[in-house]
Amino acid sequence: QYGFGYSLDAPQNNYLVDALDAVLAGRQPKIAATSAPGCELFYDRDVEPPKKVAVTYHNRVSRIIQANCIECHRDGGIAPIALETYEDVKDYAAMIRNVINRKIMPPWFAAPLSEHDASSEAGAHWANDRSLSAADKADLFAWTKAGAPEGDAKEAPLKRTFPNGWLIGEPDVVFEFPRPVKVKATGTMPYKNVIVETNLSEDKWVQAIEVRPGVPGVVHHVLVFATSGRTRGRGEDSDGRSGYWGVYVPGNSKLVYPDGYAKLLPKGAKLRFQVHYTPNGTATEDSTRIGLIFAKKPPKHEVRVTGVVNTRIKIPAYAANHREEATLELPFDVQVLGFLPHMHLRAKAARYEVLTKDGSQMLLDIPRYDFNWQLLYRLAEPLPLKQGDTIRFTAWYDNSANNPANPDPTKTVRWGLQTY
């Protein structure tokens, strides 16, 4: 009754072909069922008869989408679909319900600290918490069940805008590659390092930074280092172990600091862009940009980034729950603003703790790490730590055949830049 198309390099479709062969031969298929890789459809017959409901798109759902989705799901955003209008959201209502149920969207992997400390208030710890509240989920599910009613457009919020596509607002200055980088169609590319002159005539304090790839589909991540004669030794390493000045990673392209905090961009600084390109089947050229907003006055605190790194990791072949850790003893008093855990394809879970003379405290717990997202977890309030306190980062890896992202469970895995 139905026609279908398939690609032999898609596992689900191989299962489908095997199943059809089995049925035609009068045999029981080896795999009885498999999930569809495409989008769920929104069938009118699946919803309740229309009725007057309190939750509509304009009075509630549009606000949830704006707060949690629109940064990526918009025209020019990194997501594959836009969710900017009622028609957009209604078309994907069933898929939205599905990915929320499966905790795939919105991407957020921090466990509530209340799981570790009964006095902590879940959701109040992070400034950029993308997780949906129970009320948001209930309203979204009620809206889809009622048939996705549009409601009164007069109740809609003001449309969220992005000046010229910039999440941080219109930058004070934009720096771009002097010439595009050629990205081949297939294979692996070594990390590219591109130097951009700023020609600044004076020191600048920067309060907001955004990195925008020219072709997001082939850019996995970008680290930006600010270098000059006066900053030799800071951020000069080739792999980011001592930190970064700007960053673009899946799930985060901007750094915005509160009043009184800023990064220094020295007079005459050069920006070194380290770019990890991932060819996607089509040869192209990329010219990445960085936009900056300057602080209105010199800050009280200079923002720096440093790594908590273990370059001696050794993940045995077939190990399903291998643990590694790294520590950093603080050389002076600091205020911690956030964390950006970064691991590769065998990554399974991670956590940050601080060890003090009085014991230990959980700072960030990620029980399910997803390499597809490199999220920056920004604290709602700066965390003061003392000289001599130690930050400990612990990582767990799954190098077994049960890890679907694992390219080769037979290999012992060591530290390195490329994901394999």
# chains A, B, ... in the order shown; residues from 1 in each chain; ligands from 1
>>> residues_around(residues="segment 192-204 of chain A", least_positions_apart="3", cutoff="6 Å", atoms="only C-alpha atoms", output="MDAnalysis selection string")
chainID A and resid 265:275
>>> closest_residue(among="A:Gly291, A:Pro341, A:Gly246, A:Gly76", to="Pro216 of chain A", atoms="only C-alpha atoms")
A:Gly76
>>> select_by_dssp(residues="segment 121-336 of chain A", states="helix (DSSP H, G or I)", output="ChimeraX atom specification")
/A:134-145,153-155,163-165,216-218,229-231
>>> write_last_selection(atoms="C-alpha atoms", output="mmCIF file, in the first residue's frame")
data_model
loop_
_atom_site.group_PDB
_atom_site.id
_atom_site.type_symbol
_atom_site.label_atom_id
_atom_site.label_comp_id
_atom_site.auth_asym_id
_atom_site.auth_seq_id
_atom_site.Cartn_x
_atom_site.Cartn_y
_atom_site.Cartn_z
ATOM 1 C CA ALA A 134 7.269 21.198 35.421
ATOM 2 C CA ALA A 135 4.752 23.982 34.701
ATOM 3 C CA ASP A 136 6.260 24.677 31.260
ATOM 4 C CA LYS A 137 6.133 20.982 30.346
ATOM 5 C CA ALA A 138 2.561 20.604 31.590
ATOM 6 C CA ASP A 139 1.388 23.600 29.560
ATOM 7 C CA LEU A 140 3.162 22.445 26.397
ATOM 8 C CA PHE A 141 1.710 18.957 26.683
ATOM 9 C CA ALA A 142 -1.771 20.313 27.399
ATOM 10 C CA TRP A 143 -1.486 22.585 24.352
ATOM 11 C CA THR A 144 -0.525 19.757 21.982
ATOM 12 C CA LYS A 145 -3.219 17.478 23.411
ATOM 13 C CA ALA A 153 -2.689 37.371 18.663
ATOM 14 C CA LYS A 154 -3.245 40.378 20.934
ATOM 15 C CA GLU A 155 -1.893 38.262 23.817
ATOM 16 C CA PRO A 163 20.194 42.737 15.411
ATOM 17 C CA ASN A 164 21.831 41.595 12.171
ATOM 18 C CA GLY A 165 21.710 38.068 13.587
ATOM 19 C CA PRO A 216 28.130 26.587 10.676
ATOM 20 C CA GLY A 217 27.542 23.172 9.090
ATOM 21 C CA VAL A 218 31.280 22.484 8.808
ATOM 22 C CA GLY A 229 53.889 41.050 23.375
ATOM 23 C CA ARG A 230 52.571 41.827 26.846
ATOM 24 C CA THR A 231 50.488 38.654 27.140
#
>>> residues_around(residues="segment 148-150 of chain A", least_positions_apart="2", cutoff="7 Å", atoms="only C-alpha atoms", output="NGL selection string")
:A and (56-58 or 86 or 90 or 143-144 or 146 or 152)
>>> residues_around(residues="Ala208 of chain A", least_positions_apart="4", cutoff="6 Å", atoms="only C-alpha atoms", output="list in words")
Leu255, Val256, Leu292 and Ile293 of chain A
>>> atom_distance(atom1="atom CA of Glu325 of chain A", atom2="atom CA of Met189 of chain A")
29.0 Å
>>> atom_distance(atom1="atom CA of Ala405 of chain A", atom2="atom CA of Ala320 of chain A")
12.8 Å
>>> residues_around(residues="His125 of chain A", least_positions_apart="4", cutoff="8 Å", atoms="only C-alpha atoms", output="ChimeraX atom specification")
/A:113,121,379-381
>>> write_last_selection(atoms="N, CA and C atoms", output="JSON list (two decimals), in the first residue's frame")
[["chain", "number", "residue", "atom", "x", "y", "z"],
["A", 113, "LEU", "N", 21.37, 20.59, 41.89],
["A", 113, "LEU", "CA", 22.25, 20.42, 43.05],
["A", 113, "LEU", "C", 21.47, 19.94, 44.26],
["A", 121, "GLU", "N", 18.28, 25.03, 46.08],
["A", 121, "GLU", "CA", 17.02, 25.20, 45.36],
["A", 121, "GLU", "C", 17.24, 24.88, 43.89],
["A", 379, "LEU", "N", 27.12, 30.26, 36.34],
["A", 379, "LEU", "CA", 26.55, 30.39, 37.68],
["A", 379, "LEU", "C", 25.68, 31.64, 37.78],
["A", 380, "ALA", "N", 24.59, 31.53, 38.51],
["A", 380, "ALA", "CA", 23.72, 32.69, 38.72],
["A", 380, "ALA", "C", 24.43, 33.76, 39.52],
["A", 381, "GLU", "N", 25.28, 33.35, 40.43],
["A", 381, "GLU", "CA", 26.07, 34.29, 41.24],
["A", 381, "GLU", "C", 27.52, 33.80, 41.24]]
